[in-house]
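Chemist: Next up, input24.cif (mmCIF, C-alpha atoms (C1' of nucleotides)).
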```
data_entry
loop_
_atom_site.group_PDB
_atom_site.id
_atom_site.type_symbol
_atom_site.label_atom_id
_atom_site.label_comp_id
_atom_site.auth_asym_id
_atom_site.auth_seq_id
_atom_site.Cartn_x
_atom_site.Cartn_y
_atom_site.Cartn_z
ATOM 1 C CA MET A 1 20.119 -6.324 17.816
ATOM 2 C CA GLY A 2 22.457 -5.072 15.174
ATOM 3 C CA PRO A 3 22.742 -8.451 13.437
ATOM 4 C CA ILE A 4 18.960 -8.767 13.239
ATOM 5 C CA ARG A 5 18.667 -5.281 11.811
ATOM 6 C CA ASN A 6 21.177 -6.229 9.169
ATOM 7 C CA LEU A 7 19.251 -9.332 8.198
ATOM 8 C CA LEU A 8 16.029 -7.377 7.937
ATOM 9 C CA ALA A 9 17.626 -4.445 6.146
ATOM 10 C CA ASP A 10 18.438 -6.835 3.309
ATOM 11 C CA VAL A 11 14.717 -7.295 2.728
ATOM 12 C CA ASP A 12 13.917 -3.645 3.465
ATOM 13 C CA VAL A 13 11.990 -3.901 6.731
ATOM 14 C CA THR A 14 12.844 -2.505 10.159
ATOM 15 C CA GLU A 15 12.727 -4.385 13.439
ATOM 16 C CA GLN A 16 9.400 -2.805 14.325
ATOM 17 C CA GLN A 17 7.887 -3.516 10.937
ATOM 18 C CA TRP A 18 9.041 -7.100 11.275
ATOM 19 C CA ARG A 19 7.477 -7.333 14.716
ATOM 20 C CA VAL A 20 4.132 -6.101 13.405
ATOM 21 C CA LEU A 21 4.226 -8.582 10.558
ATOM 22 C CA ARG A 22 4.948 -11.420 12.949
ATOM 23 C CA VAL A 23 2.076 -10.424 15.216
ATOM 24 C CA LEU A 24 -0.268 -10.447 12.233
ATOM 25 C CA GLU A 25 1.083 -13.737 10.937
ATOM 26 C CA GLU A 26 0.628 -15.460 14.273
ATOM 27 C CA GLY A 27 -2.483 -13.718 15.549
ATOM 28 C CA GLY A 28 -4.390 -13.338 12.312
ATOM 29 C CA PRO A 29 -6.188 -10.181 11.156
ATOM 30 C CA MET A 30 -6.749 -7.694 13.963
ATOM 31 C CA GLU A 31 -7.215 -4.020 14.869
ATOM 32 C CA PRO A 32 -4.344 -1.572 15.272
ATOM 33 C CA THR A 33 -5.013 -1.216 18.987
ATOM 34 C CA ARG A 34 -4.442 -4.900 19.545
ATOM 35 C CA ILE A 35 -1.402 -4.940 17.286
ATOM 36 C CA ALA A 36 0.032 -2.117 19.358
ATOM 37 C CA GLU A 37 -0.394 -4.064 22.590
ATOM 38 C CA GLN A 38 1.133 -7.212 21.225
ATOM 39 C CA SER A 39 4.061 -5.533 19.534
ATOM 40 C CA CYS A 40 4.803 -3.075 22.347
ATOM 41 C CA LEU A 41 4.275 -0.038 20.139
ATOM 42 C CA LEU A 42 2.351 3.153 20.796
ATOM 43 C CA LEU A 43 -0.479 3.874 18.400
ATOM 44 C CA PRO A 44 1.100 6.927 16.761
ATOM 45 C CA SER A 45 4.180 4.873 15.920
ATOM 46 C CA LEU A 46 2.050 2.009 14.714
ATOM 47 C CA THR A 47 0.051 4.302 12.470
ATOM 48 C CA ARG A 48 3.185 5.272 10.579
ATOM 49 C CA ILE A 49 4.473 1.713 10.484
ATOM 50 C CA LEU A 50 1.207 0.444 9.042
ATOM 51 C CA GLN A 51 1.403 3.133 6.383
ATOM 52 C CA LYS A 52 4.855 1.948 5.376
ATOM 53 C CA LEU A 53 3.839 -1.711 5.386
ATOM 54 C CA ASP A 54 0.818 -0.815 3.294
ATOM 55 C CA GLU A 55 2.976 0.976 0.718
ATOM 56 C CA LYS A 56 5.183 -2.098 0.554
ATOM 57 C CA LYS A 57 2.106 -4.280 -0.004
ATOM 58 C CA LEU A 58 2.989 -6.391 3.008
ATOM 59 C CA ILE A 59 -0.372 -5.743 4.712
ATOM 60 C CA GLN A 60 -3.905 -4.785 3.720
ATOM 61 C CA ARG A 61 -6.417 -2.690 5.669
ATOM 62 C CA LYS A 62 -10.159 -2.359 5.581
ATOM 63 C CA THR A 63 -12.549 -0.503 7.828
ATOM 64 C CA ASP A 64 -14.717 -2.611 10.090
ATOM 65 C CA LYS A 65 -18.281 -2.759 8.807
ATOM 66 C CA THR A 66 -19.989 -2.671 12.188
ATOM 67 C CA ASP A 67 -17.810 0.091 13.697
ATOM 68 C CA ARG A 68 -16.352 2.464 11.177
ATOM 69 C CA ARG A 69 -13.794 3.833 13.650
ATOM 70 C CA ARG A 70 -12.097 0.474 13.667
ATOM 71 C CA GLN A 71 -10.062 -1.108 10.946
ATOM 72 C CA ILE A 72 -8.934 -4.653 10.340
ATOM 73 C CA VAL A 73 -5.355 -5.235 9.325
ATOM 74 C CA ARG A 74 -4.275 -8.419 7.639
ATOM 75 C CA ILE A 75 -0.950 -9.634 6.328
ATOM 76 C CA THR A 76 -0.705 -10.235 2.582
ATOM 77 C CA PRO A 77 0.701 -13.384 0.973
ATOM 78 C CA ARG A 78 3.742 -11.330 0.133
ATOM 79 C CA GLY A 79 4.094 -10.410 3.803
ATOM 80 C CA SER A 80 3.762 -14.028 4.842
ATOM 81 C CA ARG A 81 6.385 -15.034 2.357
ATOM 82 C CA LEU A 82 8.785 -12.412 3.709
ATOM 83 C CA ILE A 83 8.381 -13.874 7.169
ATOM 84 C CA GLU A 84 8.732 -17.418 5.990
ATOM 85 C CA GLU A 85 11.958 -16.577 4.203
ATOM 86 C CA ASN A 86 13.568 -14.866 7.188
ATOM 87 C CA LEU A 87 12.151 -16.410 10.338
ATOM 88 C CA ASP A 88 14.729 -19.168 10.612
ATOM 89 C CA LYS A 89 17.667 -16.801 10.542
ATOM 90 C CA ASN A 90 16.016 -14.621 13.150
ATOM 91 C CA LEU A 91 15.280 -17.483 15.497
ATOM 92 C CA ALA A 92 18.792 -18.784 14.990
ATOM 93 C CA PHE A 93 20.231 -15.481 16.101
ATOM 94 C CA LEU A 94 17.970 -15.426 19.126
ATOM 95 C CA GLU A 95 19.158 -18.894 20.054
ATOM 96 C CA GLU A 96 22.745 -17.805 19.689
ATOM 97 C CA VAL A 97 22.203 -14.956 22.120
ATOM 98 C CA ARG A 98 20.425 -17.320 24.484
ATOM 99 C CA THR A 99 23.362 -19.714 24.348
ATOM 100 C CA ARG A 100 25.995 -17.059 24.788
ATOM 101 C CA LEU A 101 24.237 -15.471 27.756
ATOM 102 C CA GLY A 102 23.355 -18.855 29.203
ATOM 103 C CA PRO A 103 19.895 -20.353 28.670
ATOM 104 C CA GLU A 104 18.814 -20.060 32.317
ATOM 105 C CA ARG A 105 20.003 -16.490 32.600
ATOM 106 C CA PHE A 106 18.372 -15.653 29.294
ATOM 107 C CA ASP A 107 15.032 -17.039 30.413
ATOM 108 C CA THR A 108 15.327 -15.265 33.740
ATOM 109 C CA LEU A 109 15.974 -12.034 31.909
ATOM 110 C CA LEU A 110 12.816 -12.439 29.862
ATOM 111 C CA ASP A 111 10.807 -13.157 33.010
ATOM 112 C CA LEU A 112 12.164 -10.106 34.801
ATOM 113 C CA LEU A 113 11.519 -7.849 31.848
ATOM 114 C CA THR A 114 7.970 -9.118 31.659
ATOM 115 C CA ALA A 115 7.524 -8.479 35.369
ATOM 116 C CA LEU A 116 8.951 -4.987 35.041
ATOM 117 C CA ASN A 117 6.596 -4.310 32.189
ATOM 118 C CA GLN A 118 3.670 -5.503 34.296
ATOM 119 C CA LEU A 119 4.510 -2.952 36.995
ATOM 120 C CA ASP A 120 3.551 -0.167 34.652
ATOM 121 C CA GLN A 121 0.093 -1.607 34.130
ATOM 122 C CA GLU A 122 -0.614 -2.125 37.838
ATOM 123 C CA PRO A 123 -1.457 0.740 40.155
ATOM 124 C CA PRO A 124 1.305 1.573 42.621
ATOM 125 C CA GLU A 125 0.773 0.538 46.242
ATOM 126 C CA ALA A 126 -1.513 2.972 47.987
ATOM 127 C CA GLY A 127 0.693 3.162 51.090
ATOM 128 C CA MET B 1 9.996 5.517 32.881
ATOM 129 C CA GLY B 2 6.967 7.726 32.412
ATOM 130 C CA PRO B 3 7.105 9.131 35.942
ATOM 131 C CA ILE B 4 10.749 10.097 35.544
ATOM 132 C CA ARG B 5 10.066 11.750 32.233
ATOM 133 C CA ASN B 6 7.335 13.762 33.919
ATOM 134 C CA LEU B 7 9.655 14.926 36.675
ATOM 135 C CA LEU B 8 12.273 15.965 34.168
ATOM 136 C CA ALA B 9 9.803 17.561 31.806
ATOM 137 C CA ASP B 10 8.979 20.011 34.581
ATOM 138 C CA VAL B 11 12.544 21.322 34.371
ATOM 139 C CA ASP B 12 12.689 20.998 30.595
ATOM 140 C CA VAL B 13 15.189 18.191 30.136
ATOM 141 C CA THR B 14 14.735 14.770 28.564
ATOM 142 C CA GLU B 15 15.867 11.463 30.033
ATOM 143 C CA GLN B 16 18.877 11.388 27.749
ATOM 144 C CA GLN B 17 19.853 14.970 28.500
ATOM 145 C CA TRP B 18 19.561 14.166 32.204
ATOM 146 C CA ARG B 19 21.772 11.127 31.753
ATOM 147 C CA VAL B 20 24.464 13.170 30.038
ATOM 148 C CA LEU B 21 24.367 15.773 32.787
ATOM 149 C CA ARG B 22 24.730 13.110 35.443
ATOM 150 C CA VAL B 23 27.694 11.554 33.670
ATOM 151 C CA LEU B 24 29.389 14.952 33.553
ATOM 152 C CA GLU B 25 28.548 15.730 37.158
ATOM 153 C CA GLU B 26 29.977 12.461 38.386
ATOM 154 C CA GLY B 27 32.830 11.956 35.949
ATOM 155 C CA GLY B 28 33.962 15.544 35.551
ATOM 156 C CA PRO B 29 34.817 17.245 32.245
ATOM 157 C CA MET B 30 35.334 14.783 29.422
ATOM 158 C CA GLU B 31 35.184 14.230 25.664
ATOM 159 C CA PRO B 32 32.001 13.379 23.757
ATOM 160 C CA THR B 33 33.272 9.928 22.896
ATOM 161 C CA ARG B 34 33.615 9.029 26.553
ATOM 162 C CA ILE B 35 30.275 10.605 27.419
ATOM 163 C CA ALA B 36 28.691 8.464 24.728
ATOM 164 C CA GLU B 37 30.129 5.274 26.198
ATOM 165 C CA GLN B 38 29.069 6.088 29.708
ATOM 166 C CA SER B 39 25.580 7.236 28.830
ATOM 167 C CA CYS B 40 24.870 4.501 26.291
ATOM 168 C CA LEU B 41 24.312 6.942 23.458
ATOM 169 C CA LEU B 42 25.607 6.906 19.903
ATOM 170 C CA LEU B 43 27.700 9.875 18.891
ATOM 171 C CA PRO B 44 25.228 11.345 16.394
ATOM 172 C CA SER B 45 22.555 11.409 19.100
ATOM 173 C CA LEU B 46 24.985 12.840 21.594
ATOM 174 C CA THR B 47 25.992 15.606 19.201
ATOM 175 C CA ARG B 48 22.423 16.871 19.088
ATOM 176 C CA ILE B 49 21.941 16.459 22.811
ATOM 177 C CA LEU B 50 25.073 18.466 23.555
ATOM 178 C CA GLN B 51 23.807 21.184 21.249
ATOM 179 C CA LYS B 52 20.552 21.380 23.201
ATOM 180 C CA LEU B 53 22.302 21.345 26.562
ATOM 181 C CA ASP B 54 24.605 24.074 25.323
ATOM 182 C CA GLU B 55 21.669 26.240 24.268
ATOM 183 C CA LYS B 56 20.189 25.764 27.712
ATOM 184 C CA LYS B 57 23.503 26.801 29.282
ATOM 185 C CA LEU B 58 23.671 23.548 31.198
ATOM 186 C CA ILE B 59 27.066 22.616 29.730
ATOM 187 C CA GLN B 60 30.074 24.379 28.178
ATOM 188 C CA ARG B 61 32.403 23.129 25.468
ATOM 189 C CA LYS B 62 35.916 24.015 24.405
ATOM 190 C CA THR B 63 38.230 22.420 21.890
ATOM 191 C CA ASP B 64 41.203 20.540 23.286
ATOM 192 C CA LYS B 65 44.386 22.528 22.868
ATOM 193 C CA THR B 66 46.666 19.598 22.088
ATOM 194 C CA ASP B 67 44.262 17.879 19.669
ATOM 195 C CA ARG B 68 41.859 20.188 17.932
ATOM 196 C CA ARG B 69 39.624 17.345 16.806
ATOM 197 C CA ARG B 70 38.671 16.721 20.410
ATOM 198 C CA GLN B 71 36.567 18.839 22.653
ATOM 199 C CA ILE B 72 36.126 18.964 26.396
ATOM 200 C CA VAL B 73 32.617 19.170 27.762
ATOM 201 C CA ARG B 74 31.948 20.394 31.267
ATOM 202 C CA ILE B 75 28.763 20.906 33.234
ATOM 203 C CA THR B 76 27.944 24.488 34.271
ATOM 204 C CA PRO B 77 26.941 25.570 37.785
ATOM 205 C CA ARG B 78 23.415 25.885 36.455
ATOM 206 C CA GLY B 79 23.598 22.294 35.253
ATOM 207 C CA SER B 80 24.879 21.110 38.604
ATOM 208 C CA ARG B 81 22.100 22.958 40.370
ATOM 209 C CA LEU B 82 19.508 21.287 38.120
ATOM 210 C CA ILE B 83 20.846 17.893 39.099
ATOM 211 C CA GLU B 84 21.045 18.754 42.762
ATOM 212 C CA GLU B 85 17.431 19.888 42.750
ATOM 213 C CA ASN B 86 16.096 16.735 41.070
ATOM 214 C CA LEU B 87 18.362 13.872 41.958
ATOM 215 C CA ASP B 88 16.520 12.879 45.128
ATOM 216 C CA LYS B 89 13.180 12.490 43.398
ATOM 217 C CA ASN B 90 14.795 10.437 40.685
ATOM 218 C CA LEU B 91 16.559 8.110 43.077
ATOM 219 C CA ALA B 92 13.353 7.783 45.075
ATOM 220 C CA PHE B 93 11.486 6.616 42.023
ATOM 221 C CA LEU B 94 14.202 4.140 41.202
ATOM 222 C CA GLU B 95 13.977 2.757 44.734
ATOM 223 C CA GLU B 96 10.210 2.453 44.403
ATOM 224 C CA VAL B 97 10.609 0.367 41.254
ATOM 225 C CA ARG B 98 13.257 -1.706 42.984
ATOM 226 C CA THR B 99 10.919 -2.350 45.892
ATOM 227 C CA ARG B 100 7.907 -3.160 43.764
ATOM 228 C CA LEU B 101 9.828 -5.582 41.577
ATOM 229 C CA GLY B 102 11.648 -7.031 44.563
ATOM 230 C CA PRO B 103 15.160 -5.869 45.424
ATOM 231 C CA GLU B 104 16.846 -9.169 44.558
ATOM 232 C CA ARG B 105 15.022 -9.489 41.275
ATOM 233 C CA PHE B 106 15.782 -5.877 40.467
ATOM 234 C CA ASP B 107 19.479 -6.352 41.088
ATOM 235 C CA THR B 108 19.461 -9.553 39.066
ATOM 236 C CA LEU B 109 17.821 -7.711 36.216
ATOM 237 C CA LEU B 110 20.539 -5.072 36.201
ATOM 238 C CA ASP B 111 23.218 -7.772 36.210
ATOM 239 C CA LEU B 112 21.627 -9.618 33.316
ATOM 240 C CA LEU B 113 21.209 -6.461 31.276
ATOM 241 C CA THR B 114 24.843 -5.614 31.855
ATOM 242 C CA ALA B 115 25.855 -9.104 30.782
ATOM 243 C CA LEU B 116 23.694 -8.867 27.679
ATOM 244 C CA ASN B 117 25.271 -5.558 26.845
ATOM 245 C CA GLN B 118 28.732 -7.080 27.242
ATOM 246 C CA LEU B 119 27.894 -9.726 24.644
ATOM 247 C CA ASP B 120 27.794 -7.062 21.969
ATOM 248 C CA GLN B 121 31.322 -5.922 22.770
ATOM 249 C CA GLU B 122 32.804 -9.419 22.768
ATOM 250 C CA PRO B 123 33.498 -11.318 19.578
ATOM 251 C CA PRO B 124 31.133 -14.251 18.983
ATOM 252 C CA GLU B 125 32.545 -17.737 19.502
ATOM 253 C CA ALA B 126 34.594 -18.792 16.501
ATOM 254 C CA GLY B 127 32.978 -22.241 16.333
ATOM 255 C "C1'" DC C 1 57.891 16.550 4.005
ATOM 256 C "C1'" DC C 2 53.816 14.360 1.718
ATOM 257 C "C1'" DG C 3 50.217 11.376 0.625
ATOM 258 C "C1'" DA C 4 47.492 7.668 2.649
ATOM 259 C "C1'" DT C 5 45.125 6.403 6.905
ATOM 260 C "C1'" DA C 6 43.105 6.878 11.050
ATOM 261 C "C1'" DT C 7 40.491 9.422 14.560
ATOM 262 C "C1'" DA C 8 36.928 12.760 16.659
ATOM 263 C "C1'" DT C 9 32.999 14.964 15.647
ATOM 264 C "C1'" DT C 10 29.286 16.543 12.878
ATOM 265 C "C1'" DT C 11 25.709 16.342 9.282
ATOM 266 C "C1'" DA C 12 22.106 14.160 6.634
ATOM 267 C "C1'" DA C 13 18.307 11.224 5.997
ATOM 268 C "C1'" DC C 14 14.982 8.334 7.479
ATOM 269 C "C1'" DA C 15 12.400 5.618 11.185
ATOM 270 C "C1'" DT C 16 10.655 5.459 15.666
ATOM 271 C "C1'" DG C 17 9.417 7.275 20.584
ATOM 272 C "C1'" DT C 18 6.537 10.381 22.959
ATOM 273 C "C1'" DT C 19 3.075 13.755 24.120
ATOM 274 C "C1'" DT C 20 -0.688 16.497 22.843
ATOM 275 C "C1'" DA C 21 -4.233 17.639 19.726
ATOM 276 C "C1'" DT C 22 -7.569 16.446 16.193
ATOM 277 C "C1'" DC C 23 -11.075 13.827 13.538
ATOM 278 C "C1'" DA C 24 -14.557 10.610 12.880
ATOM 279 C "C1'" DT C 25 -17.635 7.581 14.825
ATOM 280 C "C1'" DT C 26 -20.049 5.476 18.469
ATOM 281 C "C1'" DT C 27 -22.049 5.146 23.002
ATOM 282 C "C1'" DT C 28 -24.258 7.118 27.013
ATOM 283 C "C1'" DC C 29 -27.371 9.737 29.368
ATOM 284 C "C1'" DT C 30 -31.303 12.366 29.772
ATOM 285 C "C1'" DA D 1 -33.657 12.350 19.481
ATOM 286 C "C1'" DG D 2 -29.687 15.185 20.813
ATOM 287 C "C1'" DA D 3 -25.869 16.876 23.482
ATOM 288 C "C1'" DA D 4 -21.945 15.152 26.018
ATOM 289 C "C1'" DA D 5 -18.568 11.807 26.850
ATOM 290 C "C1'" DA D 6 -15.932 7.907 25.196
ATOM 291 C "C1'" DT D 7 -13.335 5.358 21.676
ATOM 292 C "C1'" DG D 8 -10.233 4.216 17.534
ATOM 293 C "C1'" DA D 9 -7.204 6.115 14.656
ATOM 294 C "C1'" DT D 10 -4.477 9.831 12.767
ATOM 295 C "C1'" DA D 11 -1.754 14.154 12.692
ATOM 296 C "C1'" DA D 12 1.621 17.344 14.442
ATOM 297 C "C1'" DA D 13 5.777 18.549 16.684
ATOM 298 C "C1'" DC D 14 9.877 17.617 18.754
ATOM 299 C "C1'" DA D 15 13.604 14.358 20.491
ATOM 300 C "C1'" DT D 16 16.192 10.341 19.821
ATOM 301 C "C1'" DG D 17 17.925 5.871 17.305
ATOM 302 C "C1'" DT D 18 20.504 4.377 13.464
ATOM 303 C "C1'" DT D 19 23.343 4.163 9.425
ATOM 304 C "C1'" DA D 20 26.088 6.348 5.983
ATOM 305 C "C1'" DA D 21 28.588 10.190 4.511
ATOM 306 C "C1'" DA D 22 31.158 14.394 5.291
ATOM 307 C "C1'" DT D 23 34.654 17.457 7.853
ATOM 308 C "C1'" DA D 24 38.502 18.569 10.262
ATOM 309 C "C1'" DT D 25 42.580 17.307 12.309
ATOM 310 C "C1'" DA D 26 46.186 14.152 13.516
ATOM 311 C "C1'" DT D 27 49.330 10.280 12.695
ATOM 312 C "C1'" DC D 28 51.962 7.044 9.921
ATOM 313 C "C1'" DG D 29 54.957 5.322 6.340
ATOM 314 C "C1'" DG D 30 58.119 6.126 2.944
#
```
Now, as a test, write the supplied structure out as structure tokens.
Modeler:
Amino acid sequence: MGPIRNLLADVDVTEQQWRVLRVLEEGGPMEPTRIAEQSCLLLPSLTRILQKLDEKKLIQRKTDKTDRRRQIVRITPRGSRLIEENLDKNLAFLEEVRTRLGPERFDTLLDLLTALNQLDQEPPEAG
Amino acid sequence: MGPIRNLLADVDVTEQQWRVLRVLEEGGPMEPTRIAEQSCLLLPSLTRILQKLDEKKLIQRKTDKTDRRRQIVRITPRGSRLIEENLDKNLAFLEEVRTRLGPERFDTLLDLLTALNQLDQEPPEAG
DNA sequence: CCGATATATTTAACATGTTTATCATTTTCT
DNA sequence: AGAAAATGATAAACATGTTAAATATATCGG
């Protein structure tokens, strides 16, 4: 992922911050708990990341009116612009990796990783 | 990896520290640079890990006589005993994951990850 | 032999991973 | 209603990931 980190470093965001921004861009405003699920981050990490993104004015947060424990996070226009300006290069790199590894093997890898990740959610066999 | 971390936490070592110990146990005394390669760790991380392992008396270090920039790291008897006492449980967990994911799929996953890792070492196609 | 380079390791600084604890708010149960 | 349990988010503490810089030693070229 080095090349991706380099791309993102130019615009002063980390891989994880980028991932959070993309989740918000594609999924719309949502709560930290759901962001964490979708970006594969634990809440304590996400808390710090949201603080950084907030300082950089790439997201906004407001507490939910009906449940004041919750908050709603939304990406700012500035955040959207950052994504728009860098998404192509990121996807291009991903495609390059997919090509170099072999498209079928690449897709298989993603499937297997997803399956492995699922194992953690399921209970282990009772036998 | 949660379950493995729990096992290791009982004997006060982290996953990475465990990995370094296993590399030393299987590969014999060697330099930090080679440990880093074999345990997939960057040198700055390894430096700290070796310091911790040294404090715990699980490894010993001495500077190489012919090249005083280098050092030779070796596992102590105490370190070997720690591995001996925990290796079975670790391998058992690995086998459980392999079974739950499906042995063929598991092996395929390892192959693909290795191939992906190789990509980083190779130069990208010049086209 | 000496200065420029290269190599092995460490340090520094900042971000995240991970576990446990805490805080505020809400829900549940009686 | 009110105490207890649950939930969403944050804080704290420690370990590692990552990049850049620093240190020490060794090697190379003239």
Chemist: Find the axis-aligned box for segment 16-26 of chain C, covering all its listed atoms and adding 8 Å on each side, and write its centre and edge lengths in Å to one decimal as JSON.
Modeler:
```
{"center_x": -4.7, "center_y": 11.5, "center_z": 18.5, "size_x": 46.7, "size_y": 28.2, "size_z": 27.2}
```
Chemist: Please identify all polymer residues within 10 Å of DA12 of chain C, counting only C-alpha atoms (C1' of nucleotides), omitting same-chain residues fewer than 4 positions from it, and present them as a ChimeraX atom specification.
Modeler: /D:20-22
Chemist: Tell me, in Å to one decimal, how far atom C1' of DT28 of chain C is from atom CA of Pro44 of chain A.
Modeler: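 Atom C1' of DT28 of chain C sits 27.4 Å away from atom CA of Pro44 of chain A.
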Chemist: Work out how far atom CA of Lys65 of chain A is from atom C1' of DT25 of chain C, in Å to one decimal.
Modeler: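 Between these atoms lies a distance of 12.0 Å.
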Chemist: What does the distance between atom CA of Leu7 of chain B and atom CA of Val97 of chain B come to in Å, to one decimal place?
Modeler: 15.3 Å
Chemist: With chain A held fixed, move chain B onto it by a least-squares fit of all C-alpha atoms in order and give the output as a short mmCIF file (atom, residue, chain, number, x, y, z; two decimals) with C-alpha atoms, in the frame of the given file.
Modeler:
```cif
data_model
loop_
_atom_site.label_atom_id
_atom_site.label_comp_id
_atom_site.auth_asym_id
_atom_site.auth_seq_id
_atom_site.Cartn_x
_atom_site.Cartn_y
_atom_site.Cartn_z
CA MET B 1 20.14 -6.31 17.85
CA GLY B 2 22.49 -5.07 15.17
CA PRO B 3 22.75 -8.46 13.46
CA ILE B 4 18.98 -8.77 13.25
CA ARG B 5 18.65 -5.30 11.85
CA ASN B 6 21.18 -6.24 9.19
CA LEU B 7 19.25 -9.34 8.21
CA LEU B 8 16.04 -7.38 7.95
CA ALA B 9 17.62 -4.46 6.17
CA ASP B 10 18.44 -6.84 3.33
CA VAL B 11 14.71 -7.30 2.75
CA ASP B 12 13.91 -3.67 3.49
CA VAL B 13 12.00 -3.92 6.75
CA THR B 14 12.84 -2.51 10.17
CA GLU B 15 12.72 -4.39 13.46
CA GLN B 16 9.41 -2.80 14.34
CA GLN B 17 7.88 -3.51 10.95
CA TRP B 18 9.04 -7.11 11.29
CA ARG B 19 7.46 -7.33 14.72
CA VAL B 20 4.13 -6.10 13.42
CA LEU B 21 4.22 -8.59 10.57
CA ARG B 22 4.93 -11.43 12.96
CA VAL B 23 2.07 -10.42 15.23
CA LEU B 24 -0.28 -10.45 12.24
CA GLU B 25 1.06 -13.74 10.95
CA GLU B 26 0.60 -15.45 14.29
CA GLY B 27 -2.50 -13.70 15.57
CA GLY B 28 -4.40 -13.32 12.32
CA PRO B 29 -6.22 -10.17 11.17
CA MET B 30 -6.75 -7.68 13.96
CA GLU B 31 -7.22 -4.02 14.87
CA PRO B 32 -4.36 -1.54 15.29
CA THR B 33 -5.03 -1.19 18.99
CA ARG B 34 -4.47 -4.88 19.56
CA ILE B 35 -1.42 -4.93 17.29
CA ALA B 36 0.02 -2.10 19.36
CA GLU B 37 -0.42 -4.04 22.60
CA GLN B 38 1.11 -7.19 21.24
CA SER B 39 4.05 -5.53 19.55
CA CYS B 40 4.80 -3.07 22.35
CA LEU B 41 4.29 -0.04 20.15
CA LEU B 42 2.36 3.15 20.80
CA LEU B 43 -0.45 3.89 18.41
CA PRO B 44 1.13 6.94 16.76
CA SER B 45 4.20 4.86 15.91
CA LEU B 46 2.06 2.01 14.72
CA THR B 47 0.06 4.31 12.45
CA ARG B 48 3.20 5.25 10.56
CA ILE B 49 4.47 1.69 10.48
CA LEU B 50 1.19 0.43 9.04
CA GLN B 51 1.40 3.12 6.38
CA LYS B 52 4.86 1.91 5.37
CA LEU B 53 3.84 -1.74 5.39
CA ASP B 54 0.83 -0.84 3.29
CA GLU B 55 2.99 0.94 0.73
CA LYS B 56 5.17 -2.13 0.55
CA LYS B 57 2.09 -4.30 0.00
CA LEU B 58 2.97 -6.41 3.01
CA ILE B 59 -0.38 -5.75 4.72
CA GLN B 60 -3.93 -4.76 3.73
CA ARG B 61 -6.43 -2.68 5.67
CA LYS B 62 -10.19 -2.33 5.58
CA THR B 63 -12.56 -0.46 7.84
CA ASP B 64 -14.76 -2.57 10.09
CA LYS B 65 -18.30 -2.71 8.80
CA THR B 66 -20.03 -2.61 12.17
CA ASP B 67 -17.84 0.15 13.65
CA ARG B 68 -16.35 2.49 11.12
CA ARG B 69 -13.84 3.88 13.59
CA ARG B 70 -12.10 0.53 13.64
CA GLN B 71 -10.08 -1.08 10.94
CA ILE B 72 -8.96 -4.63 10.35
CA VAL B 73 -5.37 -5.21 9.34
CA ARG B 74 -4.30 -8.42 7.65
CA ILE B 75 -0.98 -9.63 6.35
CA THR B 76 -0.73 -10.25 2.59
CA PRO B 77 0.69 -13.39 0.97
CA ARG B 78 3.75 -11.33 0.14
CA GLY B 79 4.08 -10.43 3.80
CA SER B 80 3.75 -14.04 4.85
CA ARG B 81 6.37 -15.06 2.34
CA LEU B 82 8.77 -12.43 3.71
CA ILE B 83 8.38 -13.88 7.18
CA GLU B 84 8.72 -17.44 5.99
CA GLU B 85 11.95 -16.59 4.20
CA ASN B 86 13.55 -14.87 7.20
CA LEU B 87 12.14 -16.40 10.34
CA ASP B 88 14.73 -19.16 10.63
CA LYS B 89 17.68 -16.80 10.55
CA ASN B 90 16.03 -14.62 13.15
CA LEU B 91 15.28 -17.47 15.50
CA ALA B 92 18.81 -18.77 15.01
CA PHE B 93 20.25 -15.47 16.11
CA LEU B 94 18.00 -15.40 19.13
CA GLU B 95 19.18 -18.88 20.07
CA GLU B 96 22.79 -17.79 19.69
CA VAL B 97 22.23 -14.93 22.13
CA ARG B 98 20.46 -17.30 24.47
CA THR B 99 23.40 -19.69 24.36
CA ARG B 100 26.04 -17.03 24.80
CA LEU B 101 24.27 -15.45 27.75
CA GLY B 102 23.41 -18.84 29.20
CA PRO B 103 19.96 -20.35 28.64
CA GLU B 104 18.86 -20.07 32.28
CA ARG B 105 20.04 -16.50 32.58
CA PHE B 106 18.41 -15.64 29.29
CA ASP B 107 15.08 -17.06 30.38
CA THR B 108 15.37 -15.28 33.72
CA LEU B 109 16.01 -12.04 31.90
CA LEU B 110 12.86 -12.43 29.84
CA ASP B 111 10.85 -13.18 32.99
CA LEU B 112 12.19 -10.13 34.79
CA LEU B 113 11.55 -7.86 31.84
CA THR B 114 8.00 -9.13 31.64
CA ALA B 115 7.54 -8.52 35.35
CA LEU B 116 8.96 -5.02 35.03
CA ASN B 117 6.61 -4.33 32.19
CA GLN B 118 3.68 -5.54 34.29
CA LEU B 119 4.53 -3.00 36.98
CA ASP B 120 3.55 -0.20 34.64
CA GLN B 121 0.09 -1.65 34.11
CA GLU B 122 -0.61 -2.18 37.81
CA PRO B 123 -1.50 0.66 40.12
CA PRO B 124 1.26 1.56 42.60
CA GLU B 125 0.72 0.53 46.22
CA ALA B 126 -1.60 2.96 47.95
CA GLY B 127 0.63 3.25 51.03
#
```
Chemist: So which residues get picked by the PyMOL selection byres ((chain C) within 10 of (chain A)) here, written as a PyMOL selection string?
Modeler: chain C and resi 15-18+24-26
